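Below: target.pdb (PDB, C-alpha atoms and all ligand atoms)
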ATOM      1  CA  MET A  14     -58.719-174.136  11.172  1.00  0.00           C
ATOM      2  CA  SER A  15     -54.965-174.494  11.101  1.00  0.00           C
ATOM      3  CA  ILE A  16     -52.222-177.021  11.583  1.00  0.00           C
ATOM      4  CA  ASP A  17     -52.302-176.181  15.294  1.00  0.00           C
ATOM      5  CA  GLU A  18     -55.801-177.661  15.278  1.00  0.00           C
ATOM      6  CA  GLY A  19     -54.653-180.718  13.333  1.00  0.00           C
ATOM      7  CA  TYR A  20     -55.442-179.401   9.848  1.00  0.00           C
ATOM      8  CA  LEU A  21     -53.313-178.361   6.915  1.00  0.00           C
ATOM      9  CA  THR A  22     -54.683-175.716   4.580  1.00  0.00           C
ATOM     10  CA  VAL A  23     -54.724-176.277   0.851  1.00  0.00           C
ATOM     11  CA  VAL A  24     -52.652-173.117   0.492  1.00  0.00           C
ATOM     12  CA  GLU A  25     -49.937-174.753   2.601  1.00  0.00           C
ATOM     13  CA  LEU A  26     -49.980-177.731   0.248  1.00  0.00           C
ATOM     14  CA  LYS A  27     -49.570-175.338  -2.683  1.00  0.00           C
ATOM     15  CA  ARG A  28     -46.611-173.711  -0.950  1.00  0.00           C
ATOM     16  CA  TYR A  29     -45.074-177.118  -0.258  1.00  0.00           C
ATOM     17  CA  ALA A  30     -45.376-177.960  -3.945  1.00  0.00           C
ATOM     18  CA  TYR A  31     -43.630-174.688  -4.799  1.00  0.00           C
ATOM     19  CA  CYS A  32     -40.852-175.267  -2.272  1.00  0.00           C
ATOM     20  CA  PRO A  33     -40.970-177.554   0.816  1.00  0.00           C
ATOM     21  CA  ARG A  34     -38.748-175.157   2.750  1.00  0.00           C
ATOM     22  CA  ILE A  35     -41.531-172.552   2.855  1.00  0.00           C
ATOM     23  CA  VAL A  36     -43.616-174.835   5.069  1.00  0.00           C
ATOM     24  CA  PHE A  37     -40.573-175.556   7.254  1.00  0.00           C
ATOM     25  CA  ILE A  38     -39.911-171.826   7.707  1.00  0.00           C
ATOM     26  CA  THR A  39     -43.574-171.163   8.504  1.00  0.00           C
ATOM     27  CA  HIS A  40     -44.329-174.034  10.866  1.00  0.00           C
ATOM     28  CA  VAL A  41     -41.011-174.911  12.432  1.00  0.00           C
ATOM     29  CA  LEU A  42     -39.193-171.567  12.461  1.00  0.00           C
ATOM     30  CA  HIS A  43     -42.467-169.593  12.774  1.00  0.00           C
ATOM     31  CA  HIS A  44     -41.588-166.731  10.463  1.00  0.00           C
ATOM     32  CA  GLU A  45     -44.196-164.693   8.628  1.00  0.00           C
ATOM     33  CA  GLU A  46     -44.208-164.187   4.877  1.00  0.00           C
ATOM     34  CA  VAL A  47     -42.916-160.804   3.717  1.00  0.00           C
ATOM     35  CA  LYS A  48     -45.521-159.798   1.154  1.00  0.00           C
ATOM     36  CA  SER A  49     -44.648-157.710  -1.877  1.00  0.00           C
ATOM     37  CA  GLU A  50     -47.050-155.208  -3.427  1.00  0.00           C
ATOM     38  CA  ALA A  51     -47.814-157.693  -6.202  1.00  0.00           C
ATOM     39  CA  MET A  52     -48.785-160.346  -3.621  1.00  0.00           C
ATOM     40  CA  GLU A  53     -51.135-157.889  -1.896  1.00  0.00           C
ATOM     41  CA  VAL A  54     -52.784-157.055  -5.221  1.00  0.00           C
ATOM     42  CA  GLY A  55     -53.107-160.757  -6.001  1.00  0.00           C
ATOM     43  CA  SER A  56     -54.968-161.460  -2.777  1.00  0.00           C
ATOM     44  CA  GLU A  57     -57.595-158.793  -3.454  1.00  0.00           C
ATOM     45  CA  GLU A  58     -61.126-159.750  -4.363  1.00  0.00           C
ATOM     46  CA  HIS A  59     -61.480-160.444  -8.098  1.00  0.00           C
ATOM     47  CA  ASP A  60     -64.359-159.785 -10.412  1.00  0.00           C
ATOM     48  CA  ALA A  61     -66.354-162.963 -11.057  1.00  0.00           C
ATOM     49  CA  ARG A  62     -67.616-161.566 -14.369  1.00  0.00           C
ATOM     50  CA  LYS A  63     -64.203-162.385 -15.859  1.00  0.00           C
ATOM     51  CA  LEU A  64     -65.144-166.045 -15.602  1.00  0.00           C
ATOM     52  CA  ALA A  65     -68.181-165.668 -17.856  1.00  0.00           C
ATOM     53  CA  PRO A  66     -66.497-167.356 -20.880  1.00  0.00           C
ATOM     54  CA  LEU A  67     -65.577-170.373 -18.732  1.00  0.00           C
ATOM     55  CA  ILE A  68     -69.091-170.564 -17.261  1.00  0.00           C
ATOM     56  CA  SER A  69     -70.419-170.530 -20.800  1.00  0.00           C
ATOM     57  CA  LYS A  70     -67.912-173.131 -22.026  1.00  0.00           C
ATOM     58  CA  LEU A  71     -68.765-175.524 -19.193  1.00  0.00           C
ATOM     59  CA  LYS A  72     -72.480-174.761 -19.483  1.00  0.00           C
ATOM     60  CA  ALA A  73     -72.447-174.311 -15.725  1.00  0.00           C
ATOM     61  CA  VAL A  74     -75.867-174.289 -14.099  1.00  0.00           C
ATOM     62  CA  ASN A  75     -74.569-173.236 -10.682  1.00  0.00           C
ATOM     63  CA  VAL A  76     -71.458-171.348  -9.565  1.00  0.00           C
ATOM     64  CA  LEU A  77     -70.507-171.362  -5.895  1.00  0.00           C
ATOM     65  CA  LYS A  78     -67.973-168.818  -4.652  1.00  0.00           C
ATOM     66  CA  ASN A  79     -65.507-169.099  -1.750  1.00  0.00           C
ATOM     67  CA  VAL A  80     -66.522-172.663  -0.962  1.00  0.00           C
ATOM     68  CA  GLU A  81     -65.251-173.733   2.458  1.00  0.00           C
ATOM     69  CA  LEU A  82     -64.234-177.382   2.483  1.00  0.00           C
ATOM     70  CA  VAL A  83     -62.839-179.752   5.101  1.00  0.00           C
ATOM     71  CA  SER A  84     -61.780-183.380   5.303  1.00  0.00           C
ATOM     72  CA  GLU A  85     -61.463-184.878   8.769  1.00  0.00           C
ATOM     73  CA  GLY A  86     -59.800-188.000   7.388  1.00  0.00           C
ATOM     74  CA  LEU A  87     -57.186-186.199   5.320  1.00  0.00           C
ATOM     75  CA  GLY A  88     -56.659-183.356   7.767  1.00  0.00           C
ATOM     76  CA  ILE A  89     -57.041-180.695   5.076  1.00  0.00           C
ATOM     77  CA  VAL A  90     -59.158-177.551   4.983  1.00  0.00           C
ATOM     78  CA  GLY A  91     -59.480-174.967   2.250  1.00  0.00           C
ATOM     79  CA  LYS A  92     -61.535-172.262   0.634  1.00  0.00           C
ATOM     80  CA  LEU A  93     -61.983-172.830  -3.082  1.00  0.00           C
ATOM     81  CA  ASP A  94     -62.443-169.693  -5.225  1.00  0.00           C
ATOM     82  CA  TYR A  95     -65.201-171.150  -7.396  1.00  0.00           C
ATOM     83  CA  LEU A  96     -66.969-174.467  -7.785  1.00  0.00           C
ATOM     84  CA  MET A  97     -68.960-174.878 -10.978  1.00  0.00           C
ATOM     85  CA  LEU A  98     -71.654-177.472 -11.482  1.00  0.00           C
ATOM     86  CA  THR A  99     -72.331-178.382 -15.099  1.00  0.00           C
ATOM     87  CA  ARG A 100     -75.702-179.389 -16.461  1.00  0.00           C
ATOM     88  CA  LEU A 101     -74.359-182.951 -16.688  1.00  0.00           C
ATOM     89  CA  GLY A 102     -73.750-182.948 -12.929  1.00  0.00           C
ATOM     90  CA  GLU A 103     -69.961-182.549 -13.078  1.00  0.00           C
ATOM     91  CA  TYR A 104     -68.261-180.545 -10.309  1.00  0.00           C
ATOM     92  CA  VAL A 105     -65.374-178.402 -11.585  1.00  0.00           C
ATOM     93  CA  PRO A 106     -63.042-176.504  -9.214  1.00  0.00           C
ATOM     94  CA  VAL A 107     -61.715-173.146 -10.433  1.00  0.00           C
ATOM     95  CA  GLU A 108     -58.953-171.048  -8.883  1.00  0.00           C
ATOM     96  CA  VAL A 109     -58.072-167.460  -9.772  1.00  0.00           C
ATOM     97  CA  LYS A 110     -54.407-166.423  -9.687  1.00  0.00           C
ATOM     98  CA  TRP A 111     -52.613-163.148 -10.083  1.00  0.00           C
ATOM     99  CA  ALA A 112     -49.472-165.055 -11.067  1.00  0.00           C
ATOM    100  CA  GLU A 113     -48.649-165.957 -14.640  1.00  0.00           C
ATOM    101  CA  SER A 114     -49.120-169.374 -16.178  1.00  0.00           C
ATOM    102  CA  GLU A 115     -46.241-171.599 -17.198  1.00  0.00           C
ATOM    103  CA  ASN A 116     -46.138-171.356 -20.972  1.00  0.00           C
ATOM    104  CA  SER A 117     -49.940-171.199 -21.041  1.00  0.00           C
ATOM    105  CA  LYS A 118     -50.203-174.253 -18.792  1.00  0.00           C
ATOM    106  CA  ILE A 119     -51.074-174.565 -15.105  1.00  0.00           C
ATOM    107  CA  LYS A 120     -48.074-174.330 -12.799  1.00  0.00           C
ATOM    108  CA  TRP A 121     -47.204-177.419 -10.772  1.00  0.00           C
ATOM    109  CA  ASP A 122     -48.078-175.911  -7.376  1.00  0.00           C
ATOM    110  CA  HIS A 123     -51.431-174.672  -8.697  1.00  0.00           C
ATOM    111  CA  LYS A 124     -52.111-178.121 -10.128  1.00  0.00           C
ATOM    112  CA  LEU A 125     -51.485-179.807  -6.776  1.00  0.00           C
ATOM    113  CA  GLN A 126     -53.694-177.196  -5.109  1.00  0.00           C
ATOM    114  CA  LEU A 127     -56.528-178.006  -7.524  1.00  0.00           C
ATOM    115  CA  ALA A 128     -56.064-181.733  -6.878  1.00  0.00           C
ATOM    116  CA  ALA A 129     -56.353-181.100  -3.121  1.00  0.00           C
ATOM    117  CA  TYR A 130     -59.576-179.165  -3.686  1.00  0.00           C
ATOM    118  CA  ALA A 131     -60.778-182.024  -5.891  1.00  0.00           C
ATOM    119  CA  LEU A 132     -60.357-184.471  -2.991  1.00  0.00           C
ATOM    120  CA  LEU A 133     -62.277-182.149  -0.679  1.00  0.00           C
ATOM    121  CA  VAL A 134     -65.077-181.640  -3.225  1.00  0.00           C
ATOM    122  CA  GLU A 135     -65.313-185.384  -3.818  1.00  0.00           C
ATOM    123  CA  GLU A 136     -65.726-186.043  -0.110  1.00  0.00           C
ATOM    124  CA  ARG A 137     -68.255-183.247   0.409  1.00  0.00           C
ATOM    125  CA  PHE A 138     -70.431-183.887  -2.660  1.00  0.00           C
ATOM    126  CA  ASN A 139     -69.878-187.632  -3.054  1.00  0.00           C
ATOM    127  CA  THR A 140     -68.641-187.279  -6.606  1.00  0.00           C
ATOM    128  CA  ILE A 141     -65.513-187.727  -8.742  1.00  0.00           C
ATOM    129  CA  VAL A 142     -63.744-184.568  -9.909  1.00  0.00           C
ATOM    130  CA  LYS A 143     -62.043-185.073 -13.273  1.00  0.00           C
ATOM    131  CA  ARG A 144     -60.758-181.655 -14.272  1.00  0.00           C
ATOM    132  CA  GLY A 145     -60.087-178.187 -12.910  1.00  0.00           C
ATOM    133  CA  TYR A 146     -59.205-174.715 -14.154  1.00  0.00           C
ATOM    134  CA  VAL A 147     -57.004-171.795 -13.183  1.00  0.00           C
ATOM    135  CA  TYR A 148     -57.808-168.307 -14.397  1.00  0.00           C
ATOM    136  CA  TYR A 149     -54.569-166.320 -14.671  1.00  0.00           C
ATOM    137  CA  LEU A 150     -55.712-162.749 -14.179  1.00  0.00           C
ATOM    138  CA  ARG A 151     -52.717-160.893 -15.546  1.00  0.00           C
ATOM    139  CA  GLU A 152     -52.766-162.870 -18.789  1.00  0.00           C
ATOM    140  CA  HIS A 153     -56.557-163.141 -19.039  1.00  0.00           C
ATOM    141  CA  ARG A 154     -55.926-166.826 -19.637  1.00  0.00           C
ATOM    142  CA  VAL A 155     -57.909-169.856 -18.521  1.00  0.00           C
ATOM    143  CA  ALA A 156     -55.896-173.086 -18.292  1.00  0.00           C
ATOM    144  CA  GLU A 157     -57.291-176.574 -17.814  1.00  0.00           C
ATOM    145  CA  THR A 158     -55.778-179.599 -16.113  1.00  0.00           C
ATOM    146  CA  ILE A 159     -56.875-183.197 -15.768  1.00  0.00           C
ATOM    147  CA  LEU A 160     -57.110-184.191 -12.097  1.00  0.00           C
ATOM    148  CA  SER A 161     -55.998-187.808 -12.299  1.00  0.00           C
ATOM    149  CA  GLU A 162     -56.034-190.374  -9.523  1.00  0.00           C
ATOM    150  CA  GLY A 163     -52.206-190.310  -9.585  1.00  0.00           C
ATOM    151  CA  LEU A 164     -52.209-186.573  -8.937  1.00  0.00           C
ATOM    152  CA  LYS A 165     -54.664-186.952  -6.057  1.00  0.00           C
ATOM    153  CA  LYS A 166     -52.429-189.614  -4.531  1.00  0.00           C
ATOM    154  CA  LEU A 167     -49.539-187.156  -4.667  1.00  0.00           C
ATOM    155  CA  VAL A 168     -51.621-184.817  -2.526  1.00  0.00           C
ATOM    156  CA  ILE A 169     -52.012-187.542   0.123  1.00  0.00           C
ATOM    157  CA  LYS A 170     -48.275-188.190  -0.025  1.00  0.00           C
ATOM    158  CA  ALA A 171     -47.493-184.487   0.385  1.00  0.00           C
ATOM    159  CA  VAL A 172     -49.796-184.248   3.420  1.00  0.00           C
ATOM    160  CA  ARG A 173     -47.951-187.123   5.101  1.00  0.00           C
ATOM    161  CA  GLU A 174     -44.570-185.584   4.256  1.00  0.00           C
ATOM    162  CA  ILE A 175     -45.558-182.199   5.666  1.00  0.00           C
ATOM    163  CA  TYR A 176     -46.777-183.602   8.963  1.00  0.00           C
ATOM    164  CA  ASP A 177     -43.641-185.723   9.209  1.00  0.00           C
ATOM    165  CA  MET A 178     -41.442-182.702   8.508  1.00  0.00           C
ATOM    166  CA  ILE A 179     -43.137-180.630  11.202  1.00  0.00           C
ATOM    167  CA  GLU A 180     -43.246-183.382  13.833  1.00  0.00           C
ATOM    168  CA  ASN A 181     -39.560-184.119  13.358  1.00  0.00           C
ATOM    169  CA  GLU A 182     -38.554-180.500  12.718  1.00  0.00           C
ATOM    170  CA  ARG A 183     -36.721-181.729   9.652  1.00  0.00           C
ATOM    171  CA  ASP A 184     -35.278-179.047   7.401  1.00  0.00           C
ATOM    172  CA  PRO A 185     -35.831-180.118   3.772  1.00  0.00           C
ATOM    173  CA  GLY A 186     -33.018-177.817   2.637  1.00  0.00           C
ATOM    174  CA  ILE A 187     -32.833-175.646  -0.446  1.00  0.00           C
ATOM    175  CA  LYS A 188     -33.725-177.821  -3.411  1.00  0.00           C
ATOM    176  CA  VAL A 189     -35.303-175.402  -5.856  1.00  0.00           C
ATOM    177  CA  PRO A 190     -33.585-173.283  -8.496  1.00  0.00           C
ATOM    178  CA  THR A 191     -32.683-169.739  -7.425  1.00  0.00           C
ATOM    179  CA  THR A 192     -35.111-168.379 -10.019  1.00  0.00           C
ATOM    180  CA  LYS A 193     -37.950-169.591  -7.782  1.00  0.00           C
ATOM    181  CA  CYS A 194     -36.531-167.694  -4.811  1.00  0.00           C
ATOM    182  CA  PHE A 195     -36.851-164.262  -6.481  1.00  0.00           C
ATOM    183  CA  SER A 196     -40.607-164.163  -5.977  1.00  0.00           C
ATOM    184  CA  CYS A 197     -40.602-165.991  -2.617  1.00  0.00           C
ATOM    185  CA  GLY A 198     -41.828-164.090   0.441  1.00  0.00           C
ATOM    186  CA  TYR A 199     -39.426-166.026   2.671  1.00  0.00           C
ATOM    187  CA  LYS A 200     -36.196-165.393   0.772  1.00  0.00           C
ATOM    188  CA  ALA A 201     -34.792-162.935   3.300  1.00  0.00           C
ATOM    189  CA  TYR A 202     -35.013-165.591   6.064  1.00  0.00           C
ATOM    190  CA  CYS A 203     -33.965-168.459   3.859  1.00  0.00           C
ATOM    191  CA  ARG A 204     -31.253-166.964   1.676  1.00  0.00           C
ATOM    192  CA  PRO A 205     -30.127-163.753   3.385  1.00  0.00           C
ATOM    193  CA  GLY A 206     -26.762-163.940   1.596  1.00  0.00           C
ATOM    194  CA  LEU A 207     -28.513-163.658  -1.772  1.00  0.00           C
ATOM    195  CA  PHE A 208     -31.457-161.491  -0.708  1.00  0.00           C
ATOM    196  CA  PRO A 209     -30.532-159.231   2.219  1.00  0.00           C
ATOM    197  CA  PRO A 210     -33.583-157.836   4.060  1.00  0.00           C
ATOM    198  CA  ALA A 211     -34.511-154.257   3.084  1.00  0.00           C
ATOM    199  CA  GLY A 212     -35.612-153.270   6.599  1.00  0.00           C
ATOM    200  CA  PRO A 213     -36.552-154.769   9.966  1.00  0.00           C
ATOM    201  CA  LEU A 214     -37.525-158.327   9.171  1.00  0.00           C
ATOM    202  CA  TYR A 215     -37.893-160.551  12.154  1.00  0.00           C
ATOM    203  CA  LYS A 216     -41.278-160.074  13.714  1.00  0.00           C
ATOM    204  CA  GLU A 217     -42.209-161.663  16.998  1.00  0.00           C
ATOM    205  CA  SER A 218     -43.109-165.278  16.362  1.00  0.00           C
ATOM    206  CA  ARG A 219     -46.770-166.091  16.357  1.00  0.00           C
ATOM    207  CA  PRO A 220     -47.893-167.993  19.442  1.00  0.00           C
ATOM    208  CA  ARG A 221     -48.224-171.555  18.274  1.00  0.00           C
ATOM    209  CA  MET A 222     -48.463-175.004  19.716  1.00  0.00           C
ATOM    210  CA  GLY A 223     -45.136-176.772  20.098  1.00  0.00           C
ATOM    211  CA  PRO A 224     -44.243-179.804  17.983  1.00  0.00           C
ATOM    212  CA  GLU A 225     -45.248-182.219  20.773  1.00  0.00           C
ATOM    213  CA  ALA A 226     -48.738-180.750  21.051  1.00  0.00           C
ATOM    214  CA  ILE A 227     -49.151-180.802  17.273  1.00  0.00           C
ATOM    215  CA  LYS A 228     -47.966-184.396  17.246  1.00  0.00           C
ATOM    216  CA  GLN A 229     -50.631-185.397  19.770  1.00  0.00           C
ATOM    217  CA  LYS A 230     -53.304-183.588  17.755  1.00  0.00           C
ATOM    218  CA  ILE A 231     -52.529-185.321  14.505  1.00  0.00           C
ATOM    219  CA  SER A 232     -51.284-188.722  15.697  1.00  0.00           C
ATOM    220  CA  LYS A 233     -54.741-190.318  15.390  1.00  0.00           C
ATOM    221  CA  ARG A 234     -55.164-189.309  11.773  1.00  0.00           C
ATOM    222  CA  ASN A 235     -54.937-192.212   9.338  1.00  0.00           C
ATOM    223  CA  TYR A 236     -54.962-190.282   6.029  1.00  0.00           C
ATOM    224  CA  ASN A 237     -57.613-192.517   4.532  1.00  0.00           C
ATOM    225  CA  VAL A 238     -57.460-192.715   0.783  1.00  0.00           C
ATOM    226  CA  ARG A 239     -60.683-194.155  -0.440  1.00  0.00           C
ATOM    227  CA  ARG A 240     -59.236-195.770  -3.480  1.00  0.00           C
TER     228      ARG A 240
HETATM  229  S1  LIG A 301     -36.085-168.605  -0.775  1.00  0.00           S
HETATM  230 FE1  LIG A 301     -36.072-170.258  -2.269  1.00  0.00          FE
HETATM  231  S2  LIG A 301     -35.394-172.084  -1.144  1.00  0.00           S
HETATM  232 FE2  LIG A 301     -35.988-170.513   0.374  1.00  0.00          FE
HETATM  233  S3  LIG A 301     -38.122-170.958   0.861  1.00  0.00           S
HETATM  234 FE3  LIG A 301     -38.153-169.465  -0.799  1.00  0.00          FE
HETATM  235  S4  LIG A 301     -38.236-170.657  -2.693  1.00  0.00           S
HETATM  236 FE4  LIG A 301     -37.637-172.038  -1.052  1.00  0.00          FE
END
Output the structure of this file as structure tokens.
Amino acid sequence: MSIDEGYLTVVELKRYAYCPRIVFITHVLHHEEVKSEAMEVGSEEHDARKLAPLISKLKAVNVLKNVELVSEGLGIVGKLDYLMLTRLGEYVPVEVKWAESENSKIKWDHKLQLAAYALLVEERFNTIVKRGYVYYLREHRVAETILSEGLKKLVIKAVREIYDMIENERDPGIKVPTTKCFSCGYKAYCRPGLFPPAGPLYKESRPRMGPEAIKQKISKRNYNVRR
């Protein structure tokens, strides 16, 4: 499912948290990400055995992999790397990242991504998700975050903002520090003065629904927050 079908992916929410302009470039300007070698490596299948210490720490009795989740009400879909169920009945979402942590802590965009998965898990399994983990592959580090109600509300807010941005084709502008742009796969479109493209860049735009059609698809959504 995609935004053309009235759904945002959790990955798009993560990108929005990293920099709102990425979602604008993707869904309004329709440009594809230019992936570096490191990004390709990061998207490869990872070895679940690396999570053994976390499974042991949580005393997980069940570990689900690549869990597909959807919320009709929120208009979000996503595929969670791992969902662990503890012997006390707690559901714990776990993401695996090639990127590095932020001073041993979970990066903001990864935190929002986990909170979005938490909402989806809560709806699917009728539970409350209190914490989540990111395993940073390169550092062999597992970082924990509390998934508070405030954080989950920020996810709802971001979903509304994204739909509003796309419907109104509103450019959020460049509001992040240049340091973030170095590792961004959209920098050659967004900041060509700073990062000139190395080769042919502009691919043919993907066929997509226009803003009016998207608007009709998502206009009935009420973004229910059940708290
Ligand atoms: S280049 Fe920088 S400002 Fe532009 S989309 Fe990427 S992170 Fe955002």
Do you know which residues lie at most 10 Å from (-65.8, -171.2, 1.1), with coordinates as in the file and only C-alpha atoms counted, and could you write them as a short mmCIF file (atom, residue, chain, number, x, y, z; two decimals) with C-alpha atoms, keeping the file's coordinate frame?
data_model
loop_
_atom_site.label_atom_id
_atom_site.label_comp_id
_atom_site.auth_asym_id
_atom_site.auth_seq_id
_atom_site.Cartn_x
_atom_site.Cartn_y
_atom_site.Cartn_z
CA LEU A 77 -70.51 -171.36 -5.90
CA LYS A 78 -67.97 -168.82 -4.65
CA ASN A 79 -65.51 -169.10 -1.75
CA VAL A 80 -66.52 -172.66 -0.96
CA GLU A 81 -65.25 -173.73 2.46
CA LEU A 82 -64.23 -177.38 2.48
CA VAL A 83 -62.84 -179.75 5.10
CA VAL A 90 -59.16 -177.55 4.98
CA GLY A 91 -59.48 -174.97 2.25
CA LYS A 92 -61.54 -172.26 0.63
CA LEU A 93 -61.98 -172.83 -3.08
CA ASP A 94 -62.44 -169.69 -5.22
CA TYR A 95 -65.20 -171.15 -7.40
CA LEU A 96 -66.97 -174.47 -7.78
#
Spatial sel., origin (-39.4, -168.5, -15.9), limit 10 Å, all atoms listed in the file, listed as a PyMOL selection string: chain A and resi 113-116+192-193
Selection as a ChimeraX atom specification: residues within 6 Å of ligand LIG 301 (chain A) by all atoms listed in the file: /A:32,34-35,187,189,193-194,197,199-200,203-204
10 Å contact set for Tyr29 in chain A, only C-alpha atoms, chain neighbours under 5 positions out, as a PyMOL selection string: chain A and resi 23-24+34-37+122+125-126+171-172+174-175
Take the residues from that selection and write them out as a compact mmCIF listing (two decimals), keeping the file's coordinate frame, keeping C-alpha atoms.
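Written out: out27.txt:
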# COMPACT_ATOMS: atom_id res chain seq x y z
CA VAL A 23 -54.72 -176.28 0.85
CA VAL A 24 -52.65 -173.12 0.49
CA ARG A 34 -38.75 -175.16 2.75
CA ILE A 35 -41.53 -172.55 2.86
CA VAL A 36 -43.62 -174.84 5.07
CA PHE A 37 -40.57 -175.56 7.25
CA ASP A 122 -48.08 -175.91 -7.38
CA LEU A 125 -51.48 -179.81 -6.78
CA GLN A 126 -53.69 -177.20 -5.11
CA ALA A 171 -47.49 -184.49 0.38
CA VAL A 172 -49.80 -184.25 3.42
CA GLU A 174 -44.57 -185.58 4.26
CA ILE A 175 -45.56 -182.20 5.67
Straight-line distance linking CA of Gly198 in chain A with CA of Lys27 in chain A, stated in Å to one decimal: 14.0 Å
Chain and number of each residue from the PyMOL selection byres (((chain A and resi 108) around 7) and not hetatm), as a list of chain:residue names: A:Leu93, A:Asp94, A:Tyr95, A:Pro106, A:Val107, A:Val109, A:Lys110, A:Tyr146, A:Val147, A:Tyr148
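One finds CA of Trp111 in chain A at 23.3 Å from CA of Leu133 in chain A.
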All file atoms of range 66-73 of chain A boxed axis-aligned, 5 Å per side, centre plus edges, as AutoDock Vina command-line options:
--center_x -69.0 --center_y -171.4 --center_z -18.9 --size_x 16.9 --size_y 18.2 --size_z 16.3
Minimum-distance residue to Leu64 in chain A, chosen among A:Gly86, A:Leu26, A:His153, A:Gly19 (using all atoms listed in the file):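 For Leu64 in chain A, the nearest of the given residues is A:His153.
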A:Lys48, A:Lys165, A:His40, A:Lys118 ranked by distance to Ala201 in chain A, top pick (using all atoms listed in the file):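 Comparing A:Lys48, A:Lys165, A:His40, A:Lys118 against Ala201 in chain A, the winner is A:Lys48.
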